[in-house]
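Colleague: One file is attached below, work_7.txt, containing compact mmCIF, C-alpha atoms.
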```txt
# COMPACT_ATOMS: atom_id res chain seq x y z
CA MET Z 98 -77.83 6.68 -99.37
CA PRO Z 99 -75.94 8.81 -101.93
CA THR Z 100 -76.62 7.90 -105.54
CA LEU Z 101 -74.68 8.26 -108.75
CA ILE Z 102 -75.24 11.61 -110.48
CA PRO Z 103 -75.41 11.51 -113.44
CA PRO Z 104 -76.11 7.82 -114.09
CA ILE Z 105 -73.89 5.89 -116.49
CA ASN Z 106 -74.09 7.55 -119.89
CA ALA Z 107 -72.53 7.69 -123.32
CA LEU Z 108 -69.70 9.97 -122.17
CA ASP Z 109 -68.43 7.38 -119.71
CA HIS Z 110 -65.54 4.99 -120.16
CA ILE Z 111 -67.32 1.66 -119.97
CA ILE Z 112 -65.89 -1.82 -120.19
CA GLY Z 113 -67.98 -4.99 -120.18
CA ALA Z 114 -71.13 -6.31 -121.78
CA PRO Z 115 -73.96 -3.80 -122.39
CA ASP Z 116 -76.47 -6.28 -120.98
CA ALA Z 117 -74.43 -6.93 -117.82
CA THR Z 118 -76.48 -7.37 -114.65
CA ILE Z 119 -73.94 -5.77 -112.30
CA GLU Z 120 -72.83 -2.18 -112.81
CA VAL Z 121 -69.76 -1.01 -110.92
CA VAL Z 122 -68.63 2.62 -111.11
CA GLU Z 123 -65.41 3.81 -109.53
CA TYR Z 124 -64.30 7.37 -108.83
CA GLY Z 125 -60.54 7.09 -108.73
CA ASP Z 126 -57.26 8.97 -108.62
CA PHE Z 127 -54.38 7.50 -110.64
CA GLN Z 128 -51.79 8.34 -108.00
CA CYS Z 129 -53.77 7.13 -105.01
CA PRO Z 130 -52.27 3.93 -103.56
CA TYR Z 131 -55.68 2.69 -102.36
CA CYS Z 132 -57.01 3.09 -105.88
CA ARG Z 133 -54.15 0.96 -107.10
CA GLU Z 134 -55.13 -1.72 -104.61
CA ALA Z 135 -58.74 -1.39 -105.77
CA PHE Z 136 -57.60 -1.70 -109.40
CA PHE Z 137 -56.45 -5.25 -108.71
CA VAL Z 138 -59.71 -5.98 -106.89
CA VAL Z 139 -61.68 -4.81 -109.94
CA LYS Z 140 -59.53 -6.99 -112.21
CA GLN Z 141 -60.50 -10.00 -110.10
CA LEU Z 142 -64.17 -9.00 -110.27
CA GLN Z 143 -63.95 -8.74 -114.03
CA GLU Z 144 -62.43 -12.21 -114.28
CA ARG Z 145 -64.89 -13.70 -111.92
CA PHE Z 146 -68.13 -12.13 -113.14
CA ALA Z 147 -67.05 -11.80 -116.79
CA ASP Z 148 -70.07 -10.91 -118.96
CA LYS Z 149 -72.25 -10.23 -115.96
CA LEU Z 150 -70.25 -7.13 -115.01
CA ARG Z 151 -69.90 -3.70 -116.54
CA PHE Z 152 -67.25 -1.37 -115.13
CA VAL Z 153 -67.05 2.42 -115.42
CA PHE Z 154 -64.15 4.63 -114.35
CA ARG Z 155 -64.58 8.32 -113.55
CA ASN Z 156 -61.80 10.72 -112.62
CA PHE Z 157 -61.43 12.07 -109.12
CA PRO Z 158 -57.88 13.46 -109.04
CA LEU Z 159 -56.82 14.86 -105.66
CA SER Z 160 -54.30 17.13 -107.30
CA GLU Z 161 -53.33 19.03 -104.16
CA ALA Z 162 -52.37 15.79 -102.47
CA HIS Z 163 -50.98 13.95 -105.50
CA GLU Z 164 -48.62 15.80 -107.78
CA PHE Z 165 -49.25 13.73 -110.93
CA ALA Z 166 -52.91 12.80 -110.39
CA MET Z 167 -54.24 15.45 -112.78
CA ASP Z 168 -51.63 14.75 -115.47
CA ALA Z 169 -52.41 11.05 -115.27
CA ALA Z 170 -56.15 11.71 -115.59
CA LEU Z 171 -55.51 13.93 -118.61
CA ALA Z 172 -53.23 11.29 -120.14
CA ALA Z 173 -55.93 8.64 -119.80
CA GLU Z 174 -58.46 11.01 -121.37
CA ALA Z 175 -56.02 11.91 -124.16
CA ALA Z 176 -55.49 8.18 -124.79
CA ALA Z 177 -59.27 7.81 -124.89
CA LYS Z 178 -59.32 10.28 -127.79
CA GLN Z 179 -57.34 7.60 -129.64
CA ASN Z 180 -59.46 4.74 -128.31
CA ARG Z 181 -56.87 3.52 -125.82
CA PHE Z 182 -58.37 4.64 -122.51
CA TRP Z 183 -58.33 1.24 -120.80
CA GLU Z 184 -54.79 0.41 -121.89
CA MET Z 185 -53.62 3.70 -120.37
CA HIS Z 186 -55.74 3.23 -117.25
CA ASP Z 187 -54.36 -0.26 -116.67
CA ALA Z 188 -50.76 0.66 -117.40
CA ILE Z 189 -50.79 3.63 -115.01
CA TYR Z 190 -52.16 1.56 -112.14
CA ASN Z 191 -49.93 -1.41 -112.89
CA ARG Z 192 -46.83 0.76 -112.82
CA GLN Z 193 -48.04 3.50 -110.46
CA PRO Z 194 -44.73 3.79 -108.56
CA GLU Z 195 -43.10 5.02 -111.80
CA LEU Z 196 -45.71 7.73 -112.36
CA ASN Z 197 -44.45 11.13 -113.54
CA GLU Z 198 -44.84 13.27 -116.67
CA ALA Z 199 -42.14 11.51 -118.67
CA PHE Z 200 -43.61 8.12 -117.80
CA LEU Z 201 -47.00 9.14 -119.23
CA LEU Z 202 -45.35 10.17 -122.51
CA ARG Z 203 -43.44 6.88 -122.62
CA LEU Z 204 -46.70 4.98 -122.22
CA ALA Z 205 -48.26 6.98 -125.04
CA ALA Z 206 -45.29 6.05 -127.23
CA ASP Z 207 -45.52 2.39 -126.17
CA PHE Z 208 -49.15 2.36 -127.30
CA ASP Z 209 -48.16 3.83 -130.68
CA LEU Z 210 -50.39 6.83 -130.11
CA ASP Z 211 -50.11 9.86 -132.33
CA LEU Z 212 -47.80 11.71 -129.97
CA ARG Z 213 -48.42 15.18 -131.27
CA LYS Z 214 -52.17 14.76 -130.92
CA PHE Z 215 -51.68 13.20 -127.48
CA ALA Z 216 -49.62 16.18 -126.31
CA ASP Z 217 -52.13 18.66 -127.77
CA ASP Z 218 -55.05 16.87 -126.15
CA MET Z 219 -53.33 16.83 -122.78
CA GLU Z 220 -53.11 20.62 -122.96
CA SER Z 221 -56.64 21.15 -124.25
CA PRO Z 222 -59.14 23.03 -122.06
CA ALA Z 223 -61.88 20.66 -123.25
CA LEU Z 224 -60.12 17.67 -121.70
CA LEU Z 225 -59.48 19.54 -118.47
CA SER Z 226 -63.19 20.44 -118.30
CA ARG Z 227 -64.07 16.81 -118.80
CA VAL Z 228 -61.91 15.72 -115.86
CA GLU Z 229 -63.32 18.54 -113.74
CA ALA Z 230 -66.85 17.56 -114.72
CA ASP Z 231 -66.08 14.01 -113.52
CA PHE Z 232 -64.76 15.42 -110.25
CA GLU Z 233 -67.80 17.63 -109.74
CA SER Z 234 -70.18 14.78 -110.51
CA GLY Z 235 -68.27 12.74 -107.93
CA VAL Z 236 -68.75 15.40 -105.29
CA ARG Z 237 -72.47 15.56 -106.08
CA SER Z 238 -72.66 11.80 -105.90
CA GLY Z 239 -71.20 11.89 -102.38
CA VAL Z 240 -67.60 10.88 -103.09
CA ASN Z 241 -65.62 11.82 -99.99
CA GLY Z 242 -62.34 10.11 -100.75
CA THR Z 243 -60.77 7.72 -103.22
CA PRO Z 244 -61.60 5.16 -104.32
CA THR Z 245 -65.39 5.41 -104.00
CA PHE Z 246 -67.55 2.75 -105.65
CA TYR Z 247 -71.16 2.73 -106.79
CA LEU Z 248 -73.02 -0.53 -107.31
CA ASP Z 249 -76.05 -0.25 -109.53
CA GLY Z 250 -76.04 3.50 -108.88
CA LYS Z 251 -75.87 3.37 -105.07
CA ARG Z 252 -72.76 4.32 -103.11
CA TYR Z 253 -70.99 1.29 -101.65
CA ASN Z 254 -69.86 2.22 -98.15
CA GLY Z 255 -68.06 -1.00 -97.35
CA ASP Z 256 -64.46 -2.05 -97.78
CA TYR Z 257 -63.55 -2.38 -101.46
CA ARG Z 258 -61.36 -5.38 -100.68
CA VAL Z 259 -64.50 -7.43 -100.01
CA LEU Z 260 -66.48 -6.17 -103.01
CA SER Z 261 -66.45 -9.65 -104.48
CA SER Z 262 -68.16 -11.32 -101.55
CA PHE Z 263 -70.57 -8.39 -101.27
CA LEU Z 264 -71.62 -8.93 -104.89
CA ASP Z 265 -72.23 -12.59 -104.11
CA SER Z 266 -74.87 -11.74 -101.57
CA MET K 270 -77.45 23.69 -83.44
CA LEU K 271 -78.39 26.74 -85.52
CA GLN K 272 -80.64 26.09 -88.49
CA LYS K 273 -81.69 27.57 -91.79
CA GLY K 274 -83.08 31.08 -91.32
CA ASP K 275 -81.00 31.87 -88.22
CA THR K 276 -78.65 34.83 -88.32
CA ALA K 277 -75.06 33.62 -88.31
CA PRO K 278 -73.45 34.80 -85.06
CA ASP K 279 -70.51 37.08 -85.74
CA PHE K 280 -67.01 36.16 -84.59
CA THR K 281 -63.38 37.11 -84.94
CA LEU K 282 -60.85 34.28 -84.84
CA SER K 283 -57.23 33.90 -85.81
CA ALA K 284 -56.45 32.10 -89.05
CA THR K 285 -52.70 32.21 -88.55
CA PRO K 286 -50.60 33.59 -85.72
CA GLU K 287 -50.69 36.93 -87.62
CA LYS K 288 -54.05 36.98 -89.40
CA MET K 289 -57.53 37.45 -87.95
CA VAL K 290 -60.77 36.66 -89.76
CA HIS K 291 -63.89 38.64 -88.95
CA LEU K 292 -67.07 37.02 -90.25
CA LYS K 293 -68.83 40.34 -90.80
CA ASP K 294 -66.06 41.43 -93.19
CA LEU K 295 -67.15 38.64 -95.52
CA ARG K 296 -70.63 40.10 -96.15
CA GLY K 297 -71.40 40.02 -99.85
CA LYS K 298 -69.92 36.57 -100.16
CA ASN K 299 -71.36 33.20 -99.31
CA VAL K 300 -69.44 31.57 -96.47
CA ILE K 301 -69.07 27.87 -95.77
CA LEU K 302 -68.16 27.09 -92.16
CA ALA K 303 -66.75 23.62 -91.63
CA PHE K 304 -66.47 22.85 -87.92
CA TYR K 305 -64.36 19.76 -87.26
CA PRO K 306 -63.00 18.04 -84.16
CA ALA K 307 -59.25 18.18 -84.65
CA ASP K 308 -56.31 18.69 -86.98
CA TRP K 309 -54.46 15.47 -87.89
CA SER K 310 -57.20 12.97 -87.11
CA PRO K 311 -57.78 10.71 -90.13
CA VAL K 312 -61.37 11.63 -91.02
CA CYS K 313 -60.82 15.37 -90.70
CA SER K 314 -57.74 15.16 -92.84
CA ASP K 315 -59.66 13.42 -95.63
CA GLN K 316 -62.45 15.93 -95.32
CA MET K 317 -60.11 18.92 -95.44
CA ALA K 318 -58.15 17.32 -98.32
CA LEU K 319 -61.38 17.03 -100.29
CA TYR K 320 -62.37 20.64 -99.60
CA ASN K 321 -58.90 21.73 -100.56
CA GLU K 322 -59.54 20.36 -104.05
CA MET K 323 -62.86 22.15 -104.22
CA LEU K 324 -61.90 25.76 -103.68
CA HIS K 325 -62.33 26.78 -107.30
CA TYR K 326 -65.73 25.06 -107.43
CA PHE K 327 -66.75 27.04 -104.34
CA ASP K 328 -65.36 30.14 -105.96
CA LYS K 329 -67.80 29.69 -108.86
CA TYR K 330 -70.55 30.14 -106.28
CA ASN K 331 -68.93 33.24 -104.79
CA ALA K 332 -68.27 31.18 -101.67
CA ILE K 333 -65.41 31.19 -99.18
CA LEU K 334 -64.60 28.17 -97.08
CA LEU K 335 -63.42 28.44 -93.48
CA GLY K 336 -62.40 25.45 -91.37
CA ILE K 337 -62.82 25.81 -87.59
CA SER K 338 -61.54 23.66 -84.75
CA VAL K 339 -60.31 24.22 -81.21
CA ASP K 340 -56.69 23.66 -82.25
CA GLY K 341 -54.29 26.56 -81.71
CA ALA K 342 -53.04 28.76 -84.54
CA TRP K 343 -49.58 27.16 -84.57
CA CYS K 344 -51.09 23.70 -84.79
CA HIS K 345 -53.26 24.84 -87.72
CA ALA K 346 -50.19 26.35 -89.36
CA ALA K 347 -48.28 23.05 -89.14
CA PHE K 348 -51.29 21.07 -90.34
CA ALA K 349 -51.97 23.42 -93.26
CA SER K 350 -48.35 23.34 -94.31
CA ALA K 351 -48.10 19.53 -94.09
CA ARG K 352 -51.27 19.03 -96.14
CA GLN K 353 -50.82 22.06 -98.39
CA ILE K 354 -54.18 23.43 -97.33
CA HIS K 355 -55.10 26.59 -99.20
CA PHE K 356 -57.98 27.92 -97.14
CA ASP K 357 -58.11 29.45 -93.67
CA LEU K 358 -58.30 27.19 -90.64
CA LEU K 359 -59.62 29.21 -87.72
CA SER K 360 -58.60 28.70 -84.12
CA ASP K 361 -61.56 28.50 -81.75
CA PHE K 362 -59.01 28.25 -78.99
CA GLU K 363 -59.47 30.96 -76.37
CA PRO K 364 -61.99 30.90 -74.82
CA LYS K 365 -62.05 27.34 -75.99
CA GLY K 366 -64.88 26.42 -78.35
CA ALA K 367 -66.66 29.77 -77.88
CA VAL K 368 -67.70 29.98 -81.54
CA ALA K 369 -68.68 26.32 -81.73
CA LYS K 370 -70.91 27.00 -78.71
CA LEU K 371 -72.51 30.00 -80.45
CA TYR K 372 -73.42 27.73 -83.36
CA GLY K 373 -74.56 24.95 -81.05
CA VAL K 374 -72.01 22.39 -82.17
CA TYR K 375 -69.65 22.13 -79.18
CA GLU K 376 -69.27 18.80 -77.50
CA GLU K 377 -68.56 19.48 -73.81
CA LYS K 378 -67.53 15.96 -72.87
CA ARG K 379 -64.65 15.68 -75.28
CA GLY K 380 -63.90 19.38 -75.38
CA LEU K 381 -64.09 19.39 -79.17
CA SER K 382 -66.27 20.79 -81.87
CA GLN K 383 -68.64 18.41 -83.57
CA ARG K 384 -68.33 17.83 -87.30
CA ALA K 385 -70.81 20.35 -88.67
CA LEU K 386 -71.32 22.37 -91.81
CA PHE K 387 -73.05 25.73 -92.31
CA VAL K 388 -73.68 27.62 -95.52
CA ILE K 389 -74.20 31.33 -94.83
CA ASP K 390 -75.51 33.64 -97.54
CA ALA K 391 -74.17 37.05 -98.54
CA ASN K 392 -76.44 38.75 -95.97
CA GLY K 393 -75.18 36.69 -93.07
CA ILE K 394 -78.16 34.34 -92.83
CA ILE K 395 -77.67 30.60 -92.40
CA GLN K 396 -79.20 28.87 -95.42
CA TRP K 397 -78.18 25.29 -94.72
CA SER K 398 -76.65 23.35 -91.85
CA TYR K 399 -75.67 19.75 -91.36
CA LEU K 400 -74.40 17.74 -88.41
CA SER K 401 -72.33 14.74 -89.47
CA PRO K 402 -71.72 11.61 -87.42
CA VAL K 403 -68.31 12.32 -85.89
CA ASN K 404 -66.51 9.46 -87.64
CA GLU K 405 -68.01 10.14 -91.01
CA ASN K 406 -66.58 12.38 -93.69
CA PRO K 407 -69.65 14.36 -94.85
CA GLY K 408 -68.19 15.07 -98.28
CA ALA K 409 -69.33 18.17 -100.11
CA ASP K 410 -72.52 17.16 -101.93
CA GLY K 411 -74.70 18.96 -99.36
CA ILE K 412 -72.60 22.12 -99.60
CA LEU K 413 -72.82 22.20 -103.39
CA ALA K 414 -76.57 21.60 -103.34
CA ALA K 415 -77.02 24.44 -100.82
CA LEU K 416 -74.89 26.82 -102.90
CA GLU K 417 -76.83 25.84 -105.99
CA ASN K 418 -80.08 26.71 -104.20
CA LEU K 419 -78.71 30.13 -103.24
CA LYS K 420 -77.92 30.82 -106.87
CA THR K 421 -81.38 29.99 -108.13
CA ASN K 422 -83.28 31.80 -105.35
```
So that I can check it, write out the structure of this file as structure tokens.
Modeller:
Amino acid sequence: MPTLIPPINALDHIIGAPDATIEVVEYGDFQCPYCREAFFVVKQLQERFADKLRFVFRNFPLSEAHEFAMDAALAAEAAAKQNRFWEMHDAIYNRQPELNEAFLLRLAADFDLDLRKFADDMESPALLSRVEADFESGVRSGVNGTPTFYLDGKRYNGDYRVLSSFLDS
Amino acid sequence: MLQKGDTAPDFTLSATPEKMVHLKDLRGKNVILAFYPADWSPVCSDQMALYNEMLHYFDKYNAILLGISVDGAWCHAAFASARQIHFDLLSDFEPKGAVAKLYGVYEEKRGLSQRALFVIDANGIIQWSYLSPVNENPGADGILAALENLKTN
């Protein structure tokens, strides 16, 4: 069974209580329609398991298949530089059908980000390397499509739509 | 199925209606052979889409990726264009499956190649091989690990 490499660490975008008993990691692509579906599934999990669940998102942009996947990943990382990763993550999935370059800039403006810094960060090689490092870690962890989930460090091979009932058992 | 330590059998196959690929010409580079059953089928498409994203990672390991199935060159051309595939898809078409047979991954009953991966080093020796369940996308973790090993050895 493929395992998460590297394990959850300080570089990750983590939401939820540090002492949570369930750890869910997703490798996702912001333009992937299945990831959007999974986004709503994760929202339900977060409501349902509340403090018991910790969620981590790692980038896995399929940029050959999805024109704006890389830009969206960079936008989320650029927002993270201003402590707004999850707002950007949620907004992109919520409004995925509107996704394009101008939309990402509008979101940054909506969040009152420093727009010059946001634009600079989106162009920065360091941010690109970060997204690529996520992608490469995904490949090493056995990601073979998006979304791919890891529960407590082990790849979940089932249907993400039934994650909730799987976590019950 | 050929295993680690075996010499990779040489072949010449068409990549497009105009372009032939000769394995021996790739000496000096690591070569990843990805045999797969068919263009267009859902699992293959995911697998090839993933590899398509990985070409510059493979490049870091001085490795070239070649897809191989029994589909004809025109079918590959249509598939590659529809999915924007940027690596060569070879046609093991006539005689059908001859190269898959050489590597021991031809499935007679269905007349298709199995889903199998080989990593061949710069001297033409197989350093890693993997047979995947036919309905399972094998991902690329095994390929990367094999390439990593080549680098450190």
Colleague: Give me, as a list in words, the residues of chain Z touching chain K, with the criterion being at most 6 Å (counting all atoms listed in the file).
Modeller: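 Filtering chain Z at 6 Å from chain K with all atoms listed in the file gives Val236, Arg237, Gly239 and Asn241 of chain Z.
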Colleague: Write out as a list in words the residues lying within 7 Å of Leu101 in chain Z, counting all atoms listed in the file and excluding same-chain residues fewer than 4 positions away.
Modeller: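 Final neighbour list, sorted by chain and number: Ser238, Tyr247, Gly250 and Lys251 of chain Z.
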Colleague: Calculated over all atoms listed in the file, which of the candidates K:Leu324, K:Val388, K:Ala277, K:Leu400 has the smallest distance to Phe356 in chain K?
Modeller: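 Smallest distance to Phe356 in chain K is found for K:Leu324.
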Colleague: Identify, on the basis of all atoms listed in the file, every residue whose closest approach to Asp187 in chain Z does not exceed 12 Å; exclude the query and any residue fewer than 2 positions from it along the same chain; express the result as an NGL selection string.
Modeller: :Z and (127 or 132-133 or 135-137 or 139-140 or 154 or 169 or 173 or 176 or 181-185 or 189-193 or 204)
Colleague: Taking all listed atoms of range 302-309 of chain K, build the axis-aligned box, pad each of the six sides by 3 Å, then write its centre and edge lengths in Å to one decimal as AutoDock Vina command-line options.
Modeller:
```
--center_x -61.3 --center_y 21.3 --center_z -88.2 --size_x 19.7 --size_y 17.6 --size_z 14.0
```
Colleague: Might you pull out every residue within 7 Å of Gly341 in chain K, with only C-alpha atoms counted and same-chain residues fewer than 2 positions away left off, and present them as a ChimeraX atom specification?
Modeller: /K:339,343-345,360,362
Colleague: Quick check, in Å to one decimal: how far apart do CA of Gln143 in chain Z and CA of Leu201 in chain Z lie?
Modeller: 25.2 Å
Colleague: Can you tell me how far CA of Leu248 in chain Z sits from CA of Ser266 in chain Z, in Å to one decimal?
Modeller: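 Pair CA of Leu248 in chain Z / CA of Ser266 in chain Z returns 12.7 Å.
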Colleague: Which residues, written as a PyMOL selection string, have at least one atom at most 12 Å from Glu229 in chain Z, with only C-alpha atoms counted and residues fewer than 4 positions away on the same chain left out?
Modeller: (chain Z and resi 155-160+167+170-171+174+222-225+233-236) or (chain K and resi 322-323+325-326)
Colleague: Would you list the contacts of Thr245 in chain Z as a count of residues only, taking every protein, DNA or RNA residue within 8 Å and counting all atoms listed in the file, but skipping same-chain residues closer than 6 positions in sequence?
Modeller: 5
Colleague: Give as a ChimeraX atom specification each residue that has an atom at most 9 Å from (-68.5, -2.8, -117.2) in the file, counting all atoms listed in the file.
Modeller: /Z:110-115,117,119-122,143,148-153
